[in-house]
$ cat work.pdb   # PDB, C-alpha atoms and all ligand atoms
ATOM      1  CA  MET A   1     -46.542 -11.995 -11.576  1.00  0.00           C
ATOM      2  CA  SER A   2     -46.983 -14.888  -9.194  1.00  0.00           C
ATOM      3  CA  VAL A   3     -48.705 -18.077 -10.240  1.00  0.00           C
ATOM      4  CA  LEU A   4     -50.512 -18.134  -6.892  1.00  0.00           C
ATOM      5  CA  PRO A   5     -53.910 -16.766  -8.070  1.00  0.00           C
ATOM      6  CA  GLU A   6     -54.020 -19.261 -10.951  1.00  0.00           C
ATOM      7  CA  VAL A   7     -53.298 -22.179  -8.657  1.00  0.00           C
ATOM      8  CA  LEU A   8     -55.924 -21.098  -6.141  1.00  0.00           C
ATOM      9  CA  ALA A   9     -58.515 -20.621  -8.897  1.00  0.00           C
ATOM     10  CA  SER A  10     -57.771 -24.089 -10.283  1.00  0.00           C
ATOM     11  CA  ASN A  11     -58.082 -25.543  -6.819  1.00  0.00           C
ATOM     12  CA  ALA A  12     -61.431 -23.857  -6.264  1.00  0.00           C
ATOM     13  CA  SER A  13     -62.887 -25.490  -9.371  1.00  0.00           C
ATOM     14  CA  TYR A  14     -61.324 -28.860  -8.458  1.00  0.00           C
ATOM     15  CA  ALA A  15     -62.811 -28.703  -4.967  1.00  0.00           C
ATOM     16  CA  ALA A  16     -66.212 -27.609  -6.313  1.00  0.00           C
ATOM     17  CA  GLY A  17     -66.669 -30.964  -8.055  1.00  0.00           C
ATOM     18  CA  PHE A  18     -64.784 -33.011  -5.459  1.00  0.00           C
ATOM     19  CA  ASP A  19     -66.162 -36.461  -4.672  1.00  0.00           C
ATOM     20  CA  LYS A  20     -63.040 -38.265  -3.357  1.00  0.00           C
ATOM     21  CA  GLY A  21     -63.422 -37.336   0.290  1.00  0.00           C
ATOM     22  CA  ALA A  22     -64.001 -40.886   1.534  1.00  0.00           C
ATOM     23  CA  LEU A  23     -60.914 -42.601   0.053  1.00  0.00           C
ATOM     24  CA  PRO A  24     -58.947 -44.876   2.391  1.00  0.00           C
ATOM     25  CA  MET A  25     -55.352 -43.882   3.165  1.00  0.00           C
ATOM     26  CA  PRO A  26     -53.614 -47.022   1.788  1.00  0.00           C
ATOM     27  CA  PRO A  27     -53.212 -46.921  -2.011  1.00  0.00           C
ATOM     28  CA  GLY A  28     -56.036 -48.937  -3.559  1.00  0.00           C
ATOM     29  CA  ARG A  29     -53.916 -50.485  -6.312  1.00  0.00           C
ATOM     30  CA  ARG A  30     -51.074 -51.253  -3.933  1.00  0.00           C
ATOM     31  CA  PHE A  31     -48.099 -49.969  -5.847  1.00  0.00           C
ATOM     32  CA  ALA A  32     -45.600 -47.137  -5.735  1.00  0.00           C
ATOM     33  CA  ILE A  33     -43.694 -45.206  -8.388  1.00  0.00           C
ATOM     34  CA  LEU A  34     -40.385 -43.435  -7.835  1.00  0.00           C
ATOM     35  CA  THR A  35     -39.899 -40.946 -10.643  1.00  0.00           C
ATOM     36  CA  CYS A  36     -38.370 -37.603 -11.639  1.00  0.00           C
ATOM     37  CA  MET A  37     -39.876 -34.229 -10.786  1.00  0.00           C
ATOM     38  CA  ASP A  38     -39.483 -33.162 -14.454  1.00  0.00           C
ATOM     39  CA  ALA A  39     -42.499 -31.041 -15.448  1.00  0.00           C
ATOM     40  CA  ARG A  40     -43.010 -33.062 -18.648  1.00  0.00           C
ATOM     41  CA  LEU A  41     -43.776 -36.215 -16.674  1.00  0.00           C
ATOM     42  CA  ASP A  42     -47.299 -36.725 -15.380  1.00  0.00           C
ATOM     43  CA  PRO A  43     -47.371 -40.102 -13.628  1.00  0.00           C
ATOM     44  CA  ALA A  44     -51.146 -39.927 -13.193  1.00  0.00           C
ATOM     45  CA  LYS A  45     -51.437 -39.823 -16.969  1.00  0.00           C
ATOM     46  CA  TYR A  46     -48.523 -41.989 -18.109  1.00  0.00           C
ATOM     47  CA  ALA A  47     -49.404 -44.741 -15.639  1.00  0.00           C
ATOM     48  CA  GLY A  48     -53.176 -44.286 -15.487  1.00  0.00           C
ATOM     49  CA  LEU A  49     -53.611 -43.227 -11.876  1.00  0.00           C
ATOM     50  CA  SER A  50     -56.595 -41.740 -10.114  1.00  0.00           C
ATOM     51  CA  GLU A  51     -56.706 -40.280  -6.626  1.00  0.00           C
ATOM     52  CA  GLY A  52     -56.163 -43.032  -4.074  1.00  0.00           C
ATOM     53  CA  ASP A  53     -54.534 -45.511  -6.490  1.00  0.00           C
ATOM     54  CA  ALA A  54     -50.789 -45.429  -5.818  1.00  0.00           C
ATOM     55  CA  HIS A  55     -47.904 -43.672  -4.106  1.00  0.00           C
ATOM     56  CA  VAL A  56     -45.840 -41.397  -6.325  1.00  0.00           C
ATOM     57  CA  ILE A  57     -42.470 -40.348  -4.920  1.00  0.00           C
ATOM     58  CA  ARG A  58     -40.700 -37.678  -6.911  1.00  0.00           C
ATOM     59  CA  ASN A  59     -37.330 -35.984  -6.726  1.00  0.00           C
ATOM     60  CA  ALA A  60     -34.730 -34.630  -9.147  1.00  0.00           C
ATOM     61  CA  GLY A  61     -33.875 -37.619 -11.338  1.00  0.00           C
ATOM     62  CA  GLY A  62     -36.225 -40.077  -9.627  1.00  0.00           C
ATOM     63  CA  ARG A  63     -33.148 -41.260  -7.731  1.00  0.00           C
ATOM     64  CA  ALA A  64     -33.111 -43.820  -4.923  1.00  0.00           C
ATOM     65  CA  SER A  65     -31.896 -41.316  -2.360  1.00  0.00           C
ATOM     66  CA  ASP A  66     -32.096 -42.048   1.346  1.00  0.00           C
ATOM     67  CA  ASP A  67     -35.254 -39.970   1.490  1.00  0.00           C
ATOM     68  CA  ALA A  68     -36.868 -41.791  -1.446  1.00  0.00           C
ATOM     69  CA  ILE A  69     -36.150 -45.077   0.321  1.00  0.00           C
ATOM     70  CA  ARG A  70     -37.657 -43.672   3.522  1.00  0.00           C
ATOM     71  CA  SER A  71     -40.893 -43.055   1.606  1.00  0.00           C
ATOM     72  CA  LEU A  72     -40.840 -46.463  -0.090  1.00  0.00           C
ATOM     73  CA  VAL A  73     -40.363 -48.238   3.236  1.00  0.00           C
ATOM     74  CA  ILE A  74     -43.321 -46.360   4.723  1.00  0.00           C
ATOM     75  CA  SER A  75     -45.256 -47.184   1.551  1.00  0.00           C
ATOM     76  CA  TYR A  76     -45.087 -50.953   2.091  1.00  0.00           C
ATOM     77  CA  LYS A  77     -44.524 -51.274   5.819  1.00  0.00           C
ATOM     78  CA  LEU A  78     -47.377 -49.049   6.934  1.00  0.00           C
ATOM     79  CA  LEU A  79     -49.512 -48.669   3.813  1.00  0.00           C
ATOM     80  CA  GLY A  80     -49.259 -52.029   2.109  1.00  0.00           C
ATOM     81  CA  THR A  81     -47.829 -51.459  -1.377  1.00  0.00           C
ATOM     82  CA  ARG A  82     -46.640 -54.671  -3.035  1.00  0.00           C
ATOM     83  CA  GLU A  83     -44.933 -53.617  -6.279  1.00  0.00           C
ATOM     84  CA  TRP A  84     -42.605 -50.724  -7.005  1.00  0.00           C
ATOM     85  CA  PHE A  85     -41.491 -48.913 -10.152  1.00  0.00           C
ATOM     86  CA  VAL A  86     -38.342 -46.850 -10.669  1.00  0.00           C
ATOM     87  CA  ILE A  87     -38.973 -44.603 -13.683  1.00  0.00           C
ATOM     88  CA  HIS A  88     -36.300 -42.238 -14.984  1.00  0.00           C
ATOM     89  CA  HIS A  89     -36.635 -40.510 -18.362  1.00  0.00           C
ATOM     90  CA  THR A  90     -34.935 -39.374 -21.546  1.00  0.00           C
ATOM     91  CA  ASN A  91     -33.462 -35.868 -21.675  1.00  0.00           C
ATOM     92  CA  CYS A  92     -33.304 -35.651 -17.861  1.00  0.00           C
ATOM     93  CA  GLY A  93     -31.789 -32.426 -16.548  1.00  0.00           C
ATOM     94  CA  MET A  94     -29.694 -34.510 -14.151  1.00  0.00           C
ATOM     95  CA  GLU A  95     -27.573 -35.603 -17.151  1.00  0.00           C
ATOM     96  CA  PHE A  96     -26.569 -32.012 -17.900  1.00  0.00           C
ATOM     97  CA  PHE A  97     -24.380 -31.285 -14.897  1.00  0.00           C
ATOM     98  CA  THR A  98     -22.074 -32.847 -12.329  1.00  0.00           C
ATOM     99  CA  ASP A  99     -21.601 -32.287  -8.613  1.00  0.00           C
ATOM    100  CA  GLU A 100     -18.655 -30.081  -9.545  1.00  0.00           C
ATOM    101  CA  VAL A 101     -20.781 -27.894 -11.834  1.00  0.00           C
ATOM    102  CA  ILE A 102     -23.671 -27.306  -9.427  1.00  0.00           C
ATOM    103  CA  ARG A 103     -21.249 -26.691  -6.576  1.00  0.00           C
ATOM    104  CA  GLY A 104     -19.471 -24.135  -8.738  1.00  0.00           C
ATOM    105  CA  VAL A 105     -22.567 -22.181  -9.786  1.00  0.00           C
ATOM    106  CA  LEU A 106     -23.959 -22.187  -6.240  1.00  0.00           C
ATOM    107  CA  ALA A 107     -20.632 -21.019  -4.840  1.00  0.00           C
ATOM    108  CA  SER A 108     -20.846 -18.130  -7.321  1.00  0.00           C
ATOM    109  CA  SER A 109     -24.455 -17.030  -6.664  1.00  0.00           C
ATOM    110  CA  LEU A 110     -27.877 -18.299  -5.615  1.00  0.00           C
ATOM    111  CA  GLU A 111     -29.646 -16.994  -8.724  1.00  0.00           C
ATOM    112  CA  THR A 112     -30.802 -19.162 -11.624  1.00  0.00           C
ATOM    113  CA  ALA A 113     -27.915 -20.242 -13.832  1.00  0.00           C
ATOM    114  CA  ALA A 114     -27.969 -20.201 -17.633  1.00  0.00           C
ATOM    115  CA  LEU A 115     -27.646 -23.240 -19.905  1.00  0.00           C
ATOM    116  CA  GLY A 116     -25.311 -22.822 -22.854  1.00  0.00           C
ATOM    117  CA  ALA A 117     -23.698 -25.159 -25.376  1.00  0.00           C
ATOM    118  CA  ASP A 118     -21.082 -26.109 -22.772  1.00  0.00           C
ATOM    119  CA  GLY A 119     -23.577 -26.679 -19.971  1.00  0.00           C
ATOM    120  CA  PHE A 120     -24.748 -24.570 -17.051  1.00  0.00           C
ATOM    121  CA  TYR A 121     -22.895 -21.380 -16.147  1.00  0.00           C
ATOM    122  CA  ASP A 122     -23.585 -18.747 -13.553  1.00  0.00           C
ATOM    123  CA  VAL A 123     -24.908 -15.301 -14.447  1.00  0.00           C
ATOM    124  CA  GLY A 124     -26.155 -14.137 -11.049  1.00  0.00           C
ATOM    125  CA  ARG A 125     -24.814 -11.706  -8.509  1.00  0.00           C
ATOM    126  CA  GLY A 126     -23.117 -13.202  -5.486  1.00  0.00           C
ATOM    127  CA  PRO A 127     -22.583 -14.107  -2.831  1.00  0.00           C
ATOM    128  CA  GLY A 128     -23.196 -17.831  -3.219  1.00  0.00           C
ATOM    129  CA  SER A 129     -22.567 -20.600  -0.713  1.00  0.00           C
ATOM    130  CA  ASN A 130     -20.216 -23.534  -0.277  1.00  0.00           C
ATOM    131  CA  GLU A 131     -22.972 -25.578   1.393  1.00  0.00           C
ATOM    132  CA  ALA A 132     -23.472 -27.301  -1.989  1.00  0.00           C
ATOM    133  CA  ASN A 133     -20.169 -29.099  -1.381  1.00  0.00           C
ATOM    134  CA  TYR A 134     -21.846 -31.155   1.336  1.00  0.00           C
ATOM    135  CA  ILE A 135     -24.696 -32.458  -0.831  1.00  0.00           C
ATOM    136  CA  ASP A 136     -24.526 -35.512  -3.078  1.00  0.00           C
ATOM    137  CA  TRP A 137     -26.593 -34.224  -6.006  1.00  0.00           C
ATOM    138  CA  LEU A 138     -27.125 -37.731  -7.487  1.00  0.00           C
ATOM    139  CA  THR A 139     -26.558 -36.566 -11.041  1.00  0.00           C
ATOM    140  CA  ILE A 140     -26.890 -39.021 -13.949  1.00  0.00           C
ATOM    141  CA  LYS A 141     -24.055 -40.042 -16.274  1.00  0.00           C
ATOM    142  CA  ASP A 142     -25.835 -42.852 -18.083  1.00  0.00           C
ATOM    143  CA  ALA A 143     -29.633 -42.801 -18.221  1.00  0.00           C
ATOM    144  CA  THR A 144     -29.937 -46.593 -18.473  1.00  0.00           C
ATOM    145  CA  GLN A 145     -27.360 -47.399 -15.822  1.00  0.00           C
ATOM    146  CA  SER A 146     -28.983 -44.964 -13.382  1.00  0.00           C
ATOM    147  CA  VAL A 147     -32.197 -47.029 -13.437  1.00  0.00           C
ATOM    148  CA  VAL A 148     -30.222 -50.233 -12.846  1.00  0.00           C
ATOM    149  CA  ASP A 149     -28.206 -48.637 -10.040  1.00  0.00           C
ATOM    150  CA  ASP A 150     -31.313 -47.365  -8.260  1.00  0.00           C
ATOM    151  CA  VAL A 151     -33.193 -50.658  -8.535  1.00  0.00           C
ATOM    152  CA  VAL A 152     -30.109 -52.492  -7.231  1.00  0.00           C
ATOM    153  CA  ARG A 153     -29.771 -50.076  -4.323  1.00  0.00           C
ATOM    154  CA  ILE A 154     -33.417 -50.485  -3.329  1.00  0.00           C
ATOM    155  CA  ARG A 155     -33.281 -54.288  -3.811  1.00  0.00           C
ATOM    156  CA  ASN A 156     -30.251 -54.573  -1.525  1.00  0.00           C
ATOM    157  CA  HIS A 157     -31.509 -52.199   1.150  1.00  0.00           C
ATOM    158  CA  PRO A 158     -31.826 -53.947   4.515  1.00  0.00           C
ATOM    159  CA  LEU A 159     -35.281 -52.444   5.161  1.00  0.00           C
ATOM    160  CA  VAL A 160     -36.754 -53.651   1.859  1.00  0.00           C
ATOM    161  CA  PRO A 161     -38.324 -57.124   1.881  1.00  0.00           C
ATOM    162  CA  GLY A 162     -37.256 -59.506  -0.883  1.00  0.00           C
ATOM    163  CA  ARG A 163     -40.784 -60.283  -2.016  1.00  0.00           C
ATOM    164  CA  ILE A 164     -41.456 -56.839  -3.523  1.00  0.00           C
ATOM    165  CA  PRO A 165     -40.789 -56.782  -7.286  1.00  0.00           C
ATOM    166  CA  ILE A 166     -39.076 -53.579  -8.447  1.00  0.00           C
ATOM    167  CA  TYR A 167     -39.531 -52.690 -12.109  1.00  0.00           C
ATOM    168  CA  GLY A 168     -37.083 -50.420 -13.925  1.00  0.00           C
ATOM    169  CA  TYR A 169     -38.261 -48.163 -16.773  1.00  0.00           C
ATOM    170  CA  THR A 170     -37.328 -45.083 -18.752  1.00  0.00           C
ATOM    171  CA  TYR A 171     -40.088 -42.716 -19.827  1.00  0.00           C
ATOM    172  CA  ASP A 172     -39.484 -41.320 -23.309  1.00  0.00           C
ATOM    173  CA  VAL A 173     -40.388 -37.616 -23.250  1.00  0.00           C
ATOM    174  CA  ALA A 174     -40.651 -37.622 -27.062  1.00  0.00           C
ATOM    175  CA  THR A 175     -43.274 -40.395 -27.308  1.00  0.00           C
ATOM    176  CA  GLY A 176     -44.827 -40.738 -23.840  1.00  0.00           C
ATOM    177  CA  ARG A 177     -43.843 -44.421 -23.805  1.00  0.00           C
ATOM    178  CA  LEU A 178     -42.388 -46.399 -20.923  1.00  0.00           C
ATOM    179  CA  ILE A 179     -39.376 -48.436 -22.036  1.00  0.00           C
ATOM    180  CA  GLU A 180     -38.340 -51.351 -19.863  1.00  0.00           C
ATOM    181  CA  ILE A 181     -34.734 -51.507 -18.715  1.00  0.00           C
ATOM    182  CA  ALA A 182     -34.340 -55.272 -18.702  1.00  0.00           C
ATOM    183  CA  ASP A 183     -31.244 -55.339 -16.476  1.00  0.00           C
ATOM    184  CA  ALA A 184     -33.058 -53.227 -13.915  1.00  0.00           C
ATOM    185  CA  THR A 185     -36.188 -55.358 -13.849  1.00  0.00           C
ATOM    186  CA  LYS A 186     -33.959 -58.450 -13.599  1.00  0.00           C
ATOM    187  CA  ALA A 187     -32.119 -56.904 -10.653  1.00  0.00           C
ATOM    188  CA  GLY A 188     -35.476 -56.081  -9.083  1.00  0.00           C
ATOM    189  CA  LEU A 189     -36.955 -59.577  -9.280  1.00  0.00           C
ATOM    190  CA  PRO A 190     -38.318 -60.839  -5.970  1.00  0.00           C
ATOM    191  CA  LEU A 191     -35.728 -62.817  -3.998  1.00  0.00           C
TER     192      LEU A 191
HETATM  193 ZN    ZN B 201     -35.504 -35.667 -14.860  1.00  0.00          ZN
END

$ encode --input "work.pdb" --output "C-alpha cells" --more "lines below"
Ligand SMILES: [Zn+2]
Amino acid sequence: MSVLPEVLASNASYAAGFDKGALPMPPGRRFAILTCMDARLDPAKYAGLSEGDAHVIRNAGGRASDDAIRSLVISYKLLGTREWFVIHHTNCGMEFFTDEVIRGVLASSLETAALGADGFYDVGRGPGSNEANYIDWLTIKDATQSVVDDVVRIRNHPLVPGRIPIYGYTYDVATGRLIEIADATKAGLPL
C-alpha cells in the first residue's frame, strides 16, 4: 500500500483551512537551520517555527555539504537571513556506517539493507552499482566533532560573510532538548 492517498487527504484538510497565502518570500524571523532528515526531528516543533519564519535545510546528517552551503548562501544573499544553526542529533543513522559499508551494500544490490549487531549488511538481489564509490557520504564518526567540523567549514567558506553567527547544537532524540556544542558555537562566532 502506498502512502500517497493519506498524504493527499492530509493536504486537502490542510489546504481547506489555509490562511498563509500572503506570506512574503524572505523568512520573517531571518534565520536558517541546517539539520538532519531523521524522521524523529521536527524543526518546526523543536525550534518553534510557523510557516514563513525560517529556512530549514535538511539532508542525511545535517552535514555542511556543498549543496547545503549553496542553500545557506542563497538564504542570506538573496533572502536576508542573519543567523544560522547547525543541528545534528543523538543516535544519528550516519554514525552507523562508513563510506566503505554503504559502497559495499550498494555494490551488492539496490534493495534496502538490514541492520544487525555488526552494522548494515545486504540482503537484496543484485545487481548493485559501483557509482557509490564516487560519492562522499559524509558519515559521522563523532557526533560532537561533526557539529564543530560543519560550523568551521561554513565559517571558513569564502561565500559566507563573517558577520553571520553560526550556532552549533545537538538535538537529543530521547528528551527533545537542544544541547549546545560550545566549541562549535565558539567557532561560529561572527568575525
Ligand atoms: Zn540523523

$ atom_distance --input "work.pdb" --atom1 "atom CA of A:Gly124" --atom2 "atom CA of A:Leu110"
7.1 Å

$ residues_near_ligand --input "work.pdb" --ligand "ligand ZN 201 (chain B)" --cutoff "12 Å" --atoms "all atoms listed in the file" --output "MDAnalysis selection string"
chainID A and resid 34:42 58:63 87:97 138:140 143 146:147 170:173

$ residues_near_point --input "work.pdb" --point "(-42.1, -54.7, -0.9)" --cutoff "6 Å" --atoms "only C-alpha atoms" --output "list in words"
Tyr76, Arg82, Pro161, Arg163 and Ile164 of chain A

$ residues_near_point --input "work.pdb" --point "(-40.5, -64.8, -5.9)" --cutoff "10 Å" --atoms "only C-alpha atoms" --output "number ranges by chain"
A: 162-165, 189-191

$ closest_residue --input "work.pdb" --among "A:Leu23, A:Glu83, A:Ala132, A:Val123" --to "A:Gly104" --atoms "all atoms listed in the file"
A:Ala132

$ resolve_selection --input "work.pdb" --expression "the PyMOL selection byres (((chain A and resi 108) around 10) and not hetatm)" --output "VMD selection string"
chain A and resid 102 to 107 109 to 111 113 121 to 130

$ axis_aligned_box --input "work.pdb" --around "stretch 127-135 of chain A" --padding-each-side "6 Å" --output "JSON"
{"center_x": -22.4, "center_y": -23.3, "center_z": -0.9, "size_x": 16.5, "size_y": 30.4, "size_z": 16.6}

$ residues_around --input "work.pdb" --residues "A:His55" --least-positions-apart "5" --cutoff "12 Å" --atoms "only C-alpha atoms" --output "JSON, numbers by chain"
{"A": [25, 26, 27, 28, 29, 30, 31, 32, 33, 34, 35, 43, 44, 47, 49, 50, 68, 71, 72, 73, 74, 75, 76, 79, 80, 81, 82, 83, 84, 85]}

$ write_last_selection --input "work.pdb" --atoms "C-alpha atoms" --output "PDB file, in the coordinates of the input"
ATOM      1  CA  MET A  25     -55.352 -43.882   3.165  1.00  0.00           C
ATOM      2  CA  PRO A  26     -53.614 -47.022   1.788  1.00  0.00           C
ATOM      3  CA  PRO A  27     -53.212 -46.921  -2.011  1.00  0.00           C
ATOM      4  CA  GLY A  28     -56.036 -48.937  -3.559  1.00  0.00           C
ATOM      5  CA  ARG A  29     -53.916 -50.485  -6.312  1.00  0.00           C
ATOM      6  CA  ARG A  30     -51.074 -51.253  -3.933  1.00  0.00           C
ATOM      7  CA  PHE A  31     -48.099 -49.969  -5.847  1.00  0.00           C
ATOM      8  CA  ALA A  32     -45.600 -47.137  -5.735  1.00  0.00           C
ATOM      9  CA  ILE A  33     -43.694 -45.206  -8.388  1.00  0.00           C
ATOM     10  CA  LEU A  34     -40.385 -43.435  -7.835  1.00  0.00           C
ATOM     11  CA  THR A  35     -39.899 -40.946 -10.643  1.00  0.00           C
ATOM     12  CA  PRO A  43     -47.371 -40.102 -13.628  1.00  0.00           C
ATOM     13  CA  ALA A  44     -51.146 -39.927 -13.193  1.00  0.00           C
ATOM     14  CA  ALA A  47     -49.404 -44.741 -15.639  1.00  0.00           C
ATOM     15  CA  LEU A  49     -53.611 -43.227 -11.876  1.00  0.00           C
ATOM     16  CA  SER A  50     -56.595 -41.740 -10.114  1.00  0.00           C
ATOM     17  CA  ALA A  68     -36.868 -41.791  -1.446  1.00  0.00           C
ATOM     18  CA  SER A  71     -40.893 -43.055   1.606  1.00  0.00           C
ATOM     19  CA  LEU A  72     -40.840 -46.463  -0.090  1.00  0.00           C
ATOM     20  CA  VAL A  73     -40.363 -48.238   3.236  1.00  0.00           C
ATOM     21  CA  ILE A  74     -43.321 -46.360   4.723  1.00  0.00           C
ATOM     22  CA  SER A  75     -45.256 -47.184   1.551  1.00  0.00           C
ATOM     23  CA  TYR A  76     -45.087 -50.953   2.091  1.00  0.00           C
ATOM     24  CA  LEU A  79     -49.512 -48.669   3.813  1.00  0.00           C
ATOM     25  CA  GLY A  80     -49.259 -52.029   2.109  1.00  0.00           C
ATOM     26  CA  THR A  81     -47.829 -51.459  -1.377  1.00  0.00           C
ATOM     27  CA  ARG A  82     -46.640 -54.671  -3.035  1.00  0.00           C
ATOM     28  CA  GLU A  83     -44.933 -53.617  -6.279  1.00  0.00           C
ATOM     29  CA  TRP A  84     -42.605 -50.724  -7.005  1.00  0.00           C
ATOM     30  CA  PHE A  85     -41.491 -48.913 -10.152  1.00  0.00           C
TER      31      PHE A  85
END

$ closest_residue --input "work.pdb" --among "A:Val101, A:Phe120, A:Asp149, A:Ile154" --to "A:Asn133" --atoms "all atoms listed in the file"
A:Val101

$ build_atoms --input "work.pdb" --residues "stretch 155-163 of chain A" --atoms "all heavy atoms" --output "mmCIF file, in the frame of the given file"
data_model
loop_
_atom_site.group_PDB
_atom_site.id
_atom_site.type_symbol
_atom_site.label_atom_id
_atom_site.label_comp_id
_atom_site.auth_asym_id
_atom_site.auth_seq_id
_atom_site.Cartn_x
_atom_site.Cartn_y
_atom_site.Cartn_z
ATOM 1 N N ARG A 155 -33.205 -52.828 -4.009
ATOM 2 C CA ARG A 155 -33.281 -54.288 -3.811
ATOM 3 C C ARG A 155 -32.406 -54.743 -2.656
ATOM 4 O O ARG A 155 -32.767 -55.641 -1.892
ATOM 5 C CB ARG A 155 -32.872 -54.983 -5.122
ATOM 6 C CG ARG A 155 -32.739 -56.488 -5.095
ATOM 7 C CD ARG A 155 -34.072 -57.229 -5.221
ATOM 8 N NE ARG A 155 -34.969 -56.952 -4.103
ATOM 9 C CZ ARG A 155 -36.303 -57.006 -4.161
ATOM 10 N NH1 ARG A 155 -36.902 -57.330 -5.283
ATOM 11 N NH2 ARG A 155 -37.044 -56.742 -3.115
ATOM 12 N N ASN A 156 -31.214 -54.128 -2.537
ATOM 13 C CA ASN A 156 -30.251 -54.573 -1.525
ATOM 14 C C ASN A 156 -30.406 -53.869 -0.182
ATOM 15 O O ASN A 156 -29.661 -54.138 0.754
ATOM 16 C CB ASN A 156 -28.820 -54.346 -2.034
ATOM 17 C CG ASN A 156 -28.504 -55.246 -3.216
ATOM 18 O OD1 ASN A 156 -29.084 -56.331 -3.347
ATOM 19 N ND2 ASN A 156 -27.610 -54.809 -4.079
ATOM 20 N N HIS A 157 -31.385 -52.960 -0.095
ATOM 21 C CA HIS A 157 -31.509 -52.199 1.150
ATOM 22 C C HIS A 157 -32.038 -53.107 2.266
ATOM 23 O O HIS A 157 -32.996 -53.850 2.062
ATOM 24 C CB HIS A 157 -32.450 -51.002 0.941
ATOM 25 C CG HIS A 157 -32.317 -49.978 2.015
ATOM 26 N ND1 HIS A 157 -32.921 -50.115 3.249
ATOM 27 C CD2 HIS A 157 -31.619 -48.822 2.057
ATOM 28 C CE1 HIS A 157 -32.603 -49.062 3.992
ATOM 29 N NE2 HIS A 157 -31.819 -48.260 3.291
ATOM 30 N N PRO A 158 -31.429 -53.037 3.429
ATOM 31 C CA PRO A 158 -31.826 -53.947 4.515
ATOM 32 C C PRO A 158 -33.264 -53.772 5.000
ATOM 33 O O PRO A 158 -33.807 -54.688 5.635
ATOM 34 C CB PRO A 158 -30.827 -53.645 5.641
ATOM 35 C CG PRO A 158 -30.129 -52.393 5.258
ATOM 36 C CD PRO A 158 -30.250 -52.227 3.784
ATOM 37 N N LEU A 159 -33.894 -52.639 4.711
ATOM 38 C CA LEU A 159 -35.281 -52.444 5.161
ATOM 39 C C LEU A 159 -36.307 -52.827 4.099
ATOM 40 O O LEU A 159 -37.509 -52.698 4.326
ATOM 41 C CB LEU A 159 -35.494 -50.978 5.578
ATOM 42 C CG LEU A 159 -34.699 -50.537 6.815
ATOM 43 C CD1 LEU A 159 -34.917 -49.051 7.074
ATOM 44 C CD2 LEU A 159 -35.082 -51.354 8.047
ATOM 45 N N VAL A 160 -35.836 -53.301 2.951
ATOM 46 C CA VAL A 160 -36.754 -53.651 1.859
ATOM 47 C C VAL A 160 -36.900 -55.169 1.775
ATOM 48 O O VAL A 160 -35.917 -55.875 1.575
ATOM 49 C CB VAL A 160 -36.230 -53.094 0.513
ATOM 50 C CG1 VAL A 160 -37.068 -53.604 -0.657
ATOM 51 C CG2 VAL A 160 -36.228 -51.560 0.540
ATOM 52 N N PRO A 161 -38.136 -55.672 1.919
ATOM 53 C CA PRO A 161 -38.324 -57.124 1.881
ATOM 54 C C PRO A 161 -38.133 -57.672 0.470
ATOM 55 O O PRO A 161 -38.474 -57.019 -0.522
ATOM 56 C CB PRO A 161 -39.770 -57.305 2.331
ATOM 57 C CG PRO A 161 -40.444 -56.029 2.039
ATOM 58 C CD PRO A 161 -39.399 -54.954 2.108
ATOM 59 N N GLY A 162 -37.587 -58.896 0.395
ATOM 60 C CA GLY A 162 -37.256 -59.506 -0.883
ATOM 61 C C GLY A 162 -38.443 -59.815 -1.764
ATOM 62 O O GLY A 162 -38.292 -60.021 -2.969
ATOM 63 N N ARG A 163 -39.649 -59.852 -1.191
ATOM 64 C CA ARG A 163 -40.784 -60.283 -2.016
ATOM 65 C C ARG A 163 -41.376 -59.172 -2.881
ATOM 66 O O ARG A 163 -42.226 -59.423 -3.729
ATOM 67 C CB ARG A 163 -41.863 -60.901 -1.148
ATOM 68 C CG ARG A 163 -42.547 -59.937 -0.222
ATOM 69 C CD ARG A 163 -43.579 -60.681 0.637
ATOM 70 N NE ARG A 163 -43.912 -59.912 1.806
ATOM 71 C CZ ARG A 163 -44.757 -58.875 1.792
ATOM 72 N NH1 ARG A 163 -45.332 -58.509 0.675
ATOM 73 N NH2 ARG A 163 -45.013 -58.235 2.908
#
